[in-house]
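Heads up, query34.csv below (CSV, C-alpha atoms):
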chain,number,residue,atom,x,y,z
A,1,MET,CA,119.0,137.6,153.2
A,2,GLN,CA,122.4,136.2,154.0
A,3,SER,CA,125.3,138.0,152.4
A,4,VAL,CA,127.7,136.0,150.2
A,5,HIS,CA,130.6,138.2,151.5
A,6,ALA,CA,130.5,136.8,155.0
A,7,TYR,CA,133.0,134.2,154.0
A,8,THR,CA,136.8,134.4,153.5
A,9,PRO,CA,137.4,136.0,150.1
A,10,ALA,CA,138.6,133.7,147.3
A,11,VAL,CA,141.1,134.5,144.6
A,12,ILE,CA,139.5,135.2,141.2
A,13,TRP,CA,141.0,135.6,137.7
A,14,ASP,CA,141.1,139.2,136.8
A,15,ARG,CA,142.7,141.4,134.2
A,16,ARG,CA,143.2,144.2,136.8
A,17,HIS,CA,146.0,144.5,139.3
A,18,PRO,CA,145.3,142.9,142.7
A,19,ILE,CA,144.4,145.2,145.5
A,20,GLU,CA,146.3,145.5,148.8
A,21,PRO,CA,147.4,143.8,150.9
A,22,VAL,CA,147.6,140.6,148.8
A,23,ARG,CA,150.5,140.9,146.3
A,24,PRO,CA,150.8,137.6,144.4
A,25,SER,CA,153.6,137.3,141.8
A,26,PRO,CA,152.5,137.7,138.2
A,27,GLN,CA,153.4,134.1,137.6
A,28,SER,CA,151.2,132.8,140.4
A,29,ARG,CA,148.3,135.0,139.3
A,30,ASP,CA,148.6,133.8,135.7
A,31,SER,CA,148.8,130.1,136.9
A,32,PHE,CA,145.6,130.4,138.8
A,33,ALA,CA,143.9,132.3,136.0
A,34,ASP,CA,144.8,129.5,133.6
A,35,LEU,CA,143.5,126.9,136.1
A,36,LEU,CA,140.2,128.7,136.5
A,37,GLU,CA,139.9,129.5,132.8
A,38,ASN,CA,140.2,125.7,131.9
A,39,ALA,CA,138.2,124.5,134.9
A,40,PRO,CA,135.4,121.9,133.9
A,41,VAL,CA,132.8,124.0,135.7
A,42,LEU,CA,131.0,127.2,134.5
A,43,ALA,CA,132.3,130.3,136.3
A,44,LEU,CA,131.0,133.9,136.1
A,45,LEU,CA,132.6,136.9,137.8
A,46,LEU,CA,129.8,139.3,138.9
A,47,GLY,CA,130.2,142.9,139.9
A,48,SER,CA,128.4,144.7,142.8
A,49,ASP,CA,125.5,145.4,140.4
A,50,THR,CA,125.3,141.7,139.5
A,51,HIS,CA,126.6,142.4,136.0
A,52,VAL,CA,128.9,139.8,134.4
A,53,VAL,CA,132.4,141.1,134.4
A,54,ALA,CA,134.2,138.0,133.2
A,55,ALA,CA,133.5,134.3,132.3
A,56,ASN,CA,135.8,131.3,132.0
A,57,ARG,CA,136.0,129.2,128.8
A,58,ALA,CA,133.3,126.7,129.9
A,59,ALA,CA,130.8,129.5,130.6
A,60,ARG,CA,131.6,131.4,127.4
A,61,GLU,CA,131.0,128.3,125.3
A,62,PHE,CA,127.9,127.2,127.3
A,63,PHE,CA,126.2,130.6,127.2
A,64,ASP,CA,127.8,131.7,123.9
A,65,ILE,CA,129.3,134.8,125.6
A,66,ASP,CA,131.2,137.4,123.6
A,67,SER,CA,133.9,138.7,126.0
A,68,SER,CA,134.1,142.0,124.1
A,69,ARG,CA,130.5,142.8,125.2
A,70,LEU,CA,131.3,142.4,128.9
A,71,PRO,CA,130.4,143.7,131.4
A,72,ALA,CA,126.7,143.0,130.8
A,73,SER,CA,123.7,142.1,132.8
A,74,LEU,CA,123.4,138.6,134.1
A,75,VAL,CA,120.1,138.0,132.3
A,76,GLU,CA,121.3,139.5,129.1
A,77,THR,CA,124.4,137.3,129.2
A,78,THR,CA,122.9,134.0,130.2
A,79,LEU,CA,119.2,134.4,129.1
A,80,GLU,CA,118.3,132.7,132.4
A,81,SER,CA,116.2,134.7,134.9
A,82,ARG,CA,116.5,131.9,137.5
A,83,LEU,CA,120.2,132.6,137.9
A,84,PHE,CA,119.4,136.3,138.5
A,85,GLU,CA,117.0,135.2,141.2
A,86,ILE,CA,119.6,133.1,142.9
A,87,VAL,CA,122.2,135.8,142.9
A,88,THR,CA,119.9,138.6,144.1
A,89,GLY,CA,118.4,136.3,146.6
A,90,GLY,CA,121.8,135.4,148.1
A,91,GLU,CA,121.2,131.7,147.7
A,92,LEU,CA,124.7,130.4,148.5
A,93,GLN,CA,123.9,126.9,147.0
A,94,ALA,CA,120.9,126.1,144.8
A,95,GLU,CA,119.7,124.1,141.9
A,96,ALA,CA,118.5,125.8,138.8
A,97,GLN,CA,116.4,124.5,135.9
A,98,LEU,CA,117.7,126.5,132.9
A,99,VAL,CA,114.8,127.2,130.6
A,100,HIS,CA,116.6,128.6,127.6
A,101,HIS,CA,119.4,126.0,127.7
A,102,ARG,CA,117.3,123.0,128.9
A,103,ARG,CA,119.8,121.9,131.5
A,104,VAL,CA,119.9,121.5,135.3
A,105,VAL,CA,122.8,123.1,137.1
A,106,GLN,CA,123.9,123.2,140.7
A,107,THR,CA,125.1,126.7,141.6
A,108,LYS,CA,127.4,128.1,144.3
A,109,LEU,CA,128.1,131.7,145.1
A,110,VAL,CA,131.6,132.6,146.4
A,111,PRO,CA,132.8,136.1,147.2
A,112,GLY,CA,135.5,137.5,144.9
A,113,ARG,CA,138.7,139.3,145.9
A,114,ARG,CA,137.3,142.8,145.5
A,115,GLU,CA,134.6,144.3,147.6
A,116,GLY,CA,131.2,143.7,146.1
A,117,GLU,CA,132.4,141.0,143.6
A,118,THR,CA,130.9,137.5,143.5
A,119,ILE,CA,131.8,134.3,141.6
A,120,LEU,CA,128.9,132.3,140.4
A,121,PHE,CA,130.0,128.6,139.9
A,122,MET,CA,127.7,126.3,138.0
A,123,MET,CA,128.0,122.5,137.5
A,124,ASP,CA,125.8,120.7,134.9
A,125,ILE,CA,124.0,117.9,136.8
A,126,THR,CA,121.4,117.2,134.1
A,127,GLU,CA,122.6,113.6,133.6
A,128,VAL,CA,122.8,113.0,137.3
A,129,ARG,CA,119.1,114.1,137.8
A,130,ARG,CA,118.1,112.0,134.7
A,131,LEU,CA,119.7,108.9,136.1
A,132,ALA,CA,118.1,109.5,139.5
A,133,THR,CA,114.7,109.7,137.8
A,134,VAL,CA,115.4,106.6,135.8
A,135,ARG,CA,116.3,104.7,139.0
A,136,GLN,CA,113.2,105.9,140.8
A,137,GLU,CA,111.0,104.9,137.8
A,138,PHE,CA,112.8,101.5,137.6
A,139,VAL,CA,112.1,100.7,141.2
A,140,SER,CA,108.5,101.9,141.0
A,141,ASN,CA,107.9,99.8,137.8
A,142,LEU,CA,109.6,96.7,139.2
A,143,VAL,CA,107.4,96.9,142.4
A,144,HIS,CA,104.4,97.3,140.2
A,145,GLU,CA,105.3,94.3,138.0
A,146,LEU,CA,106.1,92.0,140.9
A,147,LYS,CA,103.2,93.0,143.1
A,148,THR,CA,100.5,91.3,141.1
A,149,PRO,CA,102.1,87.8,140.8
A,150,ILE,CA,103.2,87.9,144.4
A,151,THR,CA,99.7,88.8,145.6
A,152,SER,CA,98.3,86.0,143.4
A,153,LEU,CA,100.8,83.5,144.9
A,154,ARG,CA,99.8,84.4,148.4
A,155,LEU,CA,96.1,84.2,147.8
A,156,THR,CA,96.5,80.9,146.0
A,157,ALA,CA,98.6,79.5,148.8
A,158,GLU,CA,96.0,80.6,151.4
A,159,SER,CA,93.4,78.9,149.3
A,160,LEU,CA,95.4,75.6,149.4
A,161,LEU,CA,95.7,75.9,153.2
A,162,GLY,CA,92.0,75.8,153.4
A,163,ASP,CA,92.1,72.2,152.1
A,164,PRO,CA,90.1,72.7,148.9
A,165,LEU,CA,88.4,70.0,146.9
A,166,PRO,CA,90.8,67.8,144.7
A,167,LYS,CA,89.6,69.5,141.5
A,168,ASP,CA,90.2,72.9,142.9
A,169,ARG,CA,93.6,71.9,144.4
A,170,ARG,CA,95.0,71.1,140.9
A,171,ARG,CA,93.7,74.5,139.6
A,172,PHE,CA,95.3,76.3,142.5
A,173,ALA,CA,98.6,74.4,142.0
A,174,GLU,CA,98.6,75.3,138.3
A,175,ARG,CA,98.1,79.0,139.2
A,176,LEU,CA,101.1,78.8,141.6
A,177,VAL,CA,103.3,77.4,138.8
A,178,ARG,CA,102.1,80.0,136.4
A,179,GLU,CA,102.7,83.0,138.7
A,180,ALA,CA,106.1,81.6,139.7
A,181,ASP,CA,107.1,81.3,136.0
A,182,LEU,CA,106.1,84.9,135.5
A,183,ILE,CA,108.3,86.1,138.3
A,184,SER,CA,111.1,83.9,137.0
A,185,LYS,CA,110.8,85.4,133.6
A,186,ILE,CA,111.0,89.0,134.9
A,187,ILE,CA,114.1,88.1,136.9
A,188,ASP,CA,115.7,86.4,133.8
A,189,ASN,CA,115.0,89.4,131.6
A,190,LEU,CA,116.4,91.8,134.2
A,191,ARG,CA,119.5,89.6,134.5
A,192,GLN,CA,120.0,89.6,130.8
A,193,LEU,CA,119.6,93.4,130.6
A,194,GLY,CA,122.2,93.7,133.3
A,195,ASP,CA,124.6,91.5,131.4
A,196,ILE,CA,124.0,93.5,128.2
A,197,GLU,CA,124.4,96.9,129.9
A,198,THR,CA,127.6,95.9,131.7
A,199,GLY,CA,129.2,94.6,128.5
A,200,VAL,CA,129.4,91.0,129.8
A,201,MET,CA,127.8,89.5,126.7
A,202,ALA,CA,130.2,88.6,123.9
A,203,ILE,CA,129.4,88.3,120.2
A,204,ASP,CA,129.6,84.9,118.6
A,205,PHE,CA,130.0,85.4,114.8
A,206,THR,CA,128.5,82.9,112.5
A,207,THR,CA,127.4,83.0,108.8
A,208,PHE,CA,123.8,82.2,107.9
A,209,ASP,CA,120.9,82.8,105.5
A,210,LEU,CA,118.4,85.5,106.6
A,211,ALA,CA,115.5,83.7,105.1
A,212,GLU,CA,116.3,80.6,107.0
A,213,LEU,CA,116.7,82.6,110.2
A,214,VAL,CA,113.2,84.1,109.8
A,215,ASP,CA,111.7,80.6,109.0
A,216,ASP,CA,113.3,79.2,112.2
A,217,SER,CA,111.8,82.1,114.3
A,218,LEU,CA,108.3,81.5,112.8
A,219,ALA,CA,108.6,77.8,113.4
A,220,ARG,CA,109.5,78.4,117.0
A,221,LEU,CA,106.9,81.0,117.8
A,222,ARG,CA,104.1,79.5,115.7
A,223,PRO,CA,102.1,82.8,115.4
A,224,GLU,CA,98.3,82.3,115.2
A,225,ARG,CA,97.8,84.6,112.2
A,226,PRO,CA,98.9,85.0,108.6
A,227,ILE,CA,102.5,86.0,107.9
A,228,ASN,CA,103.5,88.0,104.8
A,229,LEU,CA,107.1,87.5,103.9
A,230,ALA,CA,109.3,89.6,101.6
A,231,ILE,CA,112.9,88.4,101.9
A,232,PRO,CA,115.4,88.3,99.1
A,233,PRO,CA,116.8,84.7,98.6
A,234,ASN,CA,120.4,83.7,99.4
A,235,LEU,CA,121.0,86.8,101.6
A,236,MET,CA,123.9,85.7,103.7
A,237,ILE,CA,125.0,87.6,106.8
A,238,THR,CA,127.8,87.2,109.4
A,239,THR,CA,126.8,88.2,112.9
A,240,ASP,CA,125.6,86.8,116.2
A,241,ARG,CA,122.7,84.5,115.1
A,242,ALA,CA,121.3,83.9,118.6
A,243,LYS,CA,121.1,87.6,119.4
A,244,LEU,CA,119.5,88.5,116.1
A,245,VAL,CA,117.0,85.7,116.5
A,246,GLN,CA,116.1,86.9,120.0
A,247,ALA,CA,115.7,90.5,118.7
A,248,LEU,CA,113.5,89.3,115.8
A,249,ASN,CA,111.5,87.0,118.1
A,250,ASN,CA,110.7,89.9,120.5
A,251,LEU,CA,109.4,92.0,117.6
A,252,LEU,CA,107.3,89.1,116.3
A,253,ASP,CA,105.9,88.4,119.7
A,254,ASN,CA,105.1,92.0,120.3
A,255,ALA,CA,103.4,92.2,116.9
A,256,GLU,CA,101.2,89.2,117.6
A,257,LYS,CA,100.2,90.5,121.1
A,258,PHE,CA,99.0,93.8,119.7
A,259,SER,CA,97.3,92.6,116.5
A,260,PRO,CA,93.6,91.9,116.2
A,261,PRO,CA,92.8,88.2,115.7
A,262,GLY,CA,93.0,87.1,112.1
A,263,THR,CA,95.1,90.0,110.9
A,264,ALA,CA,98.4,89.5,109.2
A,265,ILE,CA,101.9,90.4,110.2
A,266,ASP,CA,104.3,91.6,107.5
A,267,ILE,CA,108.0,90.7,107.7
A,268,GLU,CA,110.4,92.3,105.2
A,269,VAL,CA,114.2,92.3,104.8
A,270,ALA,CA,115.9,94.7,102.4
A,271,VAL,CA,119.3,96.2,101.7
A,272,VAL,CA,118.8,100.0,101.8
A,273,ASP,CA,121.9,102.1,101.0
A,274,ASP,CA,124.5,100.9,103.5
A,275,GLU,CA,122.2,99.0,105.9
A,276,ILE,CA,120.3,95.7,106.1
A,277,VAL,CA,116.8,96.7,107.2
A,278,PHE,CA,114.4,94.3,108.9
A,279,SER,CA,110.8,95.4,109.4
A,280,VAL,CA,107.9,93.8,111.3
A,281,ARG,CA,104.5,95.4,110.9
A,282,ASP,CA,101.3,94.6,112.8
A,283,ARG,CA,97.8,95.8,112.1
A,284,GLY,CA,96.9,96.8,115.6
A,285,PRO,CA,95.8,100.2,117.0
A,286,GLY,CA,99.2,101.7,116.6
A,287,ILE,CA,101.3,103.8,119.0
A,288,SER,CA,101.0,107.6,119.3
A,289,PRO,CA,104.2,109.4,118.2
A,290,GLU,CA,105.0,110.7,121.7
A,291,HIS,CA,105.6,107.1,122.8
A,292,TRP,CA,107.8,106.0,119.9
A,293,SER,CA,111.2,106.7,121.6
A,294,ARG,CA,110.1,105.6,125.1
A,295,VAL,CA,108.7,102.1,124.1
A,296,PHE,CA,112.3,100.9,124.2
A,297,GLU,CA,112.7,101.8,127.9
A,298,ARG,CA,112.5,99.2,130.6
A,299,PHE,CA,109.0,98.6,131.9
A,300,TYR,CA,107.5,101.3,129.7
A,301,LYS,CA,104.0,100.5,128.6
A,302,VAL,CA,101.8,102.6,126.3
A,303,ASP,CA,98.7,101.2,127.9
A,304,ARG,CA,99.2,100.3,131.6
A,305,ALA,CA,95.6,99.2,131.9
A,306,ARG,CA,96.3,96.3,129.4
A,307,PRO,CA,96.4,92.9,131.1
A,308,ARG,CA,99.9,91.7,132.0
A,309,GLU,CA,99.5,88.5,130.1
A,310,ALA,CA,98.4,90.4,127.0
A,311,GLY,CA,100.9,93.2,127.1
A,312,GLY,CA,104.0,91.6,128.5
A,313,PHE,CA,106.3,93.1,131.1
A,314,GLY,CA,107.7,96.0,129.2
A,315,LEU,CA,111.1,94.4,129.0
A,316,GLY,CA,111.1,92.8,125.5
A,317,LEU,CA,111.7,95.9,123.5
A,318,ALA,CA,114.3,97.2,125.9
A,319,ILE,CA,116.3,93.9,125.5
A,320,THR,CA,115.8,94.1,121.8
A,321,LYS,CA,117.2,97.6,121.6
A,322,HIS,CA,120.4,96.6,123.5
A,323,LEU,CA,120.8,93.4,121.4
A,324,VAL,CA,120.6,95.4,118.2
A,325,GLN,CA,123.1,98.0,119.6
A,326,ILE,CA,125.5,95.2,120.5
A,327,LEU,CA,125.3,94.0,116.8
A,328,GLY,CA,126.2,97.5,115.7
A,329,GLY,CA,122.7,98.4,114.5
A,330,ARG,CA,119.9,100.7,115.4
A,331,ILE,CA,116.1,100.2,116.1
A,332,TRP,CA,113.1,102.5,115.8
A,333,THR,CA,109.4,102.4,115.2
A,334,GLU,CA,106.9,104.3,113.0
A,335,ALA,CA,103.3,104.3,112.2
A,336,ALA,CA,102.5,102.0,109.2
A,337,ARG,CA,101.0,103.9,106.2
A,338,GLU,CA,98.0,101.7,106.0
A,339,GLY,CA,97.4,101.4,109.8
A,340,GLY,CA,99.2,99.6,112.6
A,341,GLN,CA,102.8,99.9,113.7
A,342,VAL,CA,106.0,98.9,112.1
A,343,PHE,CA,109.3,98.2,114.0
A,344,TYR,CA,112.7,98.5,112.2
A,345,ILE,CA,116.1,96.9,112.8
A,346,ALA,CA,118.9,98.2,110.7
A,347,LEU,CA,122.3,96.5,110.7
A,348,PRO,CA,125.5,97.6,108.8
A,349,SER,CA,125.6,96.2,105.2
A,350,GLN,CA,129.2,95.2,105.9
A,351,LEU,CA,127.8,92.2,107.7
A,352,LEU,CA,126.6,90.8,104.3
A,353,THR,CA,128.9,88.1,102.9
A,354,ASN,CA,127.4,87.8,99.3
A,355,VAL,CA,127.0,91.3,98.1

Exercise: express the given structure as structure tokens:
Amino acid sequence: MQSVHAYTPAVIWDRRHPIEPVRPSPQSRDSFADLLENAPVLALLLGSDTHVVAANRAAREFFDIDSSRLPASLVETTLESRLFEIVTGGELQAEAQLVHHRRVVQTKLVPGRREGETILFMMDITEVRRLATVRQEFVSNLVHELKTPITSLRLTAESLLGDPLPKDRRRFAERLVREADLISKIIDNLRQLGDIETGVMAIDFTTFDLAELVDDSLARLRPERPINLAIPPNLMITTDRAKLVQALNNLLDNAEKFSPPGTAIDIEVAVVDDEIVFSVRDRGPGISPEHWSRVFERFYKVDRARPREAGGFGLGLAITKHLVQILGGRIWTEAAREGGQVFYIALPSQLLTNV
């Protein structure tokens, strides 16, 4: 085990008098103590028995430490056995998954001014690790989505090189166009997501009737199943019509893809408390509750075995979520009482112009 005291001692905030030969002025000691006390990292001063002697403000708030109860054991103070393992194991730098606090921290052990004392610094890197995971999943999912159409393009092109019969040549050419369109759609959706997330998209406010907006969406999509509408008449709203249309279209398209043939889709609009709530309900197999929050992630699919043409790319709901947020609203999904799944969009009622 490598001792943490093999390094040049560092200054540490302390209520006691400094030991010889270092004699900093009270003013300099207080200044450094204030700096460490307000540092944006967690810091614990440990004695030779690994007990916590002192903690800065960030550590006290994070671990809910009562300074009057110090010194106390590291495990008792933090409720995290992993930190005790790091300290007793002499791991100068490590990464710890905190079980009780559900965070990931990067730790660093530094020797204190007094013999046997150690400073345990911790930096919360939970968000950094989450973003790294999101990036890895994004790359993996993108490769997965592009691999199939690219493979199909290559195989179809190789078939054309074999000089097929005229009737087969047309079929192969149509497949090339179809697969190229699929790749183009993925790229367009990704570009739109990028524009949304970087704040490039502006809001173009117009005033329109919600019933007319829904009718226009249905006329454009032409769903091959019955539609049950429940929309109050003359409900005028002022917001970005194009963005709301796209969000609603994505929900309708999603409902049609996952509904059994011949079953109806329910579309309702209502003013509930201080929100305008849109709901789109299908009568499909539904979604298990553990997937409800994740279906709005890029490329997330509840059933990855479902054919790409039937289940989409896993980008529509992600785009819809961002569009709704741009409009100042929120989106969520729940199981329908009588079977199927229902998706909700809620916008602030302040957008209404005739209430």

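Every protein, DNA or RNA residue with an atom at most 12 Å from Ser288 in chain A, where all atoms listed in the file count and chain neighbours fewer than 5 positions away do not, is listed here: Ser293, Arg294, Val295, Val302, Asp303, Thr333, Glu334, Ala335, Ala336, Gly339, Gly340 and Gln341 of chain A.
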
Put those residues in a file: C-alpha atoms, as an mmCIF file, in the frame of the given file.
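Resulting contents of result.cif:
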data_model
loop_
_atom_site.group_PDB
_atom_site.id
_atom_site.type_symbol
_atom_site.label_atom_id
_atom_site.label_comp_id
_atom_site.auth_asym_id
_atom_site.auth_seq_id
_atom_site.Cartn_x
_atom_site.Cartn_y
_atom_site.Cartn_z
ATOM 1 C CA SER A 293 111.200 106.700 121.600
ATOM 2 C CA ARG A 294 110.100 105.600 125.100
ATOM 3 C CA VAL A 295 108.700 102.100 124.100
ATOM 4 C CA VAL A 302 101.800 102.600 126.300
ATOM 5 C CA ASP A 303 98.700 101.200 127.900
ATOM 6 C CA THR A 333 109.400 102.400 115.200
ATOM 7 C CA GLU A 334 106.900 104.300 113.000
ATOM 8 C CA ALA A 335 103.300 104.300 112.200
ATOM 9 C CA ALA A 336 102.500 102.000 109.200
ATOM 10 C CA GLY A 339 97.400 101.400 109.800
ATOM 11 C CA GLY A 340 99.200 99.600 112.600
ATOM 12 C CA GLN A 341 102.800 99.900 113.700
#

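Using all atoms listed in the file, the nearest neighbour of Ile267 in chain A within the list A:Arg281, A:His100, A:Lys108, A:Arg154 is A:Arg281.
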
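Reported to one decimal place, the separation of CA of Ile119 in chain A from CA of Ala43 in chain A is 6.7 Å.
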
I want to know what sits within 8 Å of Ala54 in chain A, based on only C-alpha atoms, with residues of the same chain fewer than 4 positions away left out; could you give that as a PyMOL selection string? chain A and resi 14+44-46+67+70-71

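The gap separating CA of Met236 in chain A from CA of Glu212 in chain A is 9.7 Å, in Å to one decimal.
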
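Atom pair CA of Tyr300 in chain A / CA of Leu315 in chain A: separated by 7.8 Å.
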
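Residues within 7 Å of Asn249 in chain A, counting all atoms listed in the file and excluding same-chain residues fewer than 4 positions away, are Ser217, Val245 and Asp253 of chain A.
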
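Closest approach to Gly116 in chain A among A:Ser48, A:Thr207, A:Gln93, A:Thr78: A:Ser48, based on only C-alpha atoms.
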
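Look at everything within 7 Å of (138.4, 129.3, 131.3) using all atoms listed in the file, and the residues you get are Asp34, Leu36, Glu37, Asn38, Ala39, Asn56, Arg57 and Ala58 of chain A.
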
Name the residues in contact with Asp240 in chain A at a cut-off of 7 Å, using only C-alpha atoms, excluding same-chain residues fewer than 2 positions from it; report them as a PyMOL selection string.
-> chain A and resi 203-206+242-244

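Candidate residues A:Glu137, A:Asp274, A:Asp282, A:Glu145 were compared for distance to Gly262 in chain A, and the nearest is A:Asp282, using all atoms listed in the file.
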
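Closest approach to Phe62 in chain A from the set A:Glu275, A:Glu224, A:Glu179, A:Asp124 is made by A:Asp124, with distances taken over only C-alpha atoms.
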
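Closest approach to Gly47 in chain A from the set A:Glu117, A:Asp66, A:Asp266, A:Glu80 is made by A:Glu117, with distances taken over only C-alpha atoms.
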
- Task: Would you list the residues near (113.3, 89.3, 116.2), meaning any protein, DNA or RNA residue with an atom at most 12 Å from that point in file coordinates, counting all atoms listed in the file, as a ChimeraX atom specification?
- Result: /A:210,213-218,220-221,241-255,267-269,278-281,316-317,319-321,323-324,331,343-346

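You can rank A:Leu120, A:Val139, A:Ile326, A:Ala230 by their closest distance to Asp195 in chain A using only C-alpha atoms, and at the top of that list sits A:Ile326.
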
Enclose the full set of atoms of range 173-188 of chain A listed in the file within a box whose edges lie along x, y and z, apply 3 Å of padding to each of the six sides, and report centre and edge lengths in Å to one decimal as JSON.
{"center_x": 106.9, "center_y": 81.7, "center_z": 137.8, "size_x": 23.6, "size_y": 20.6, "size_z": 14.4}
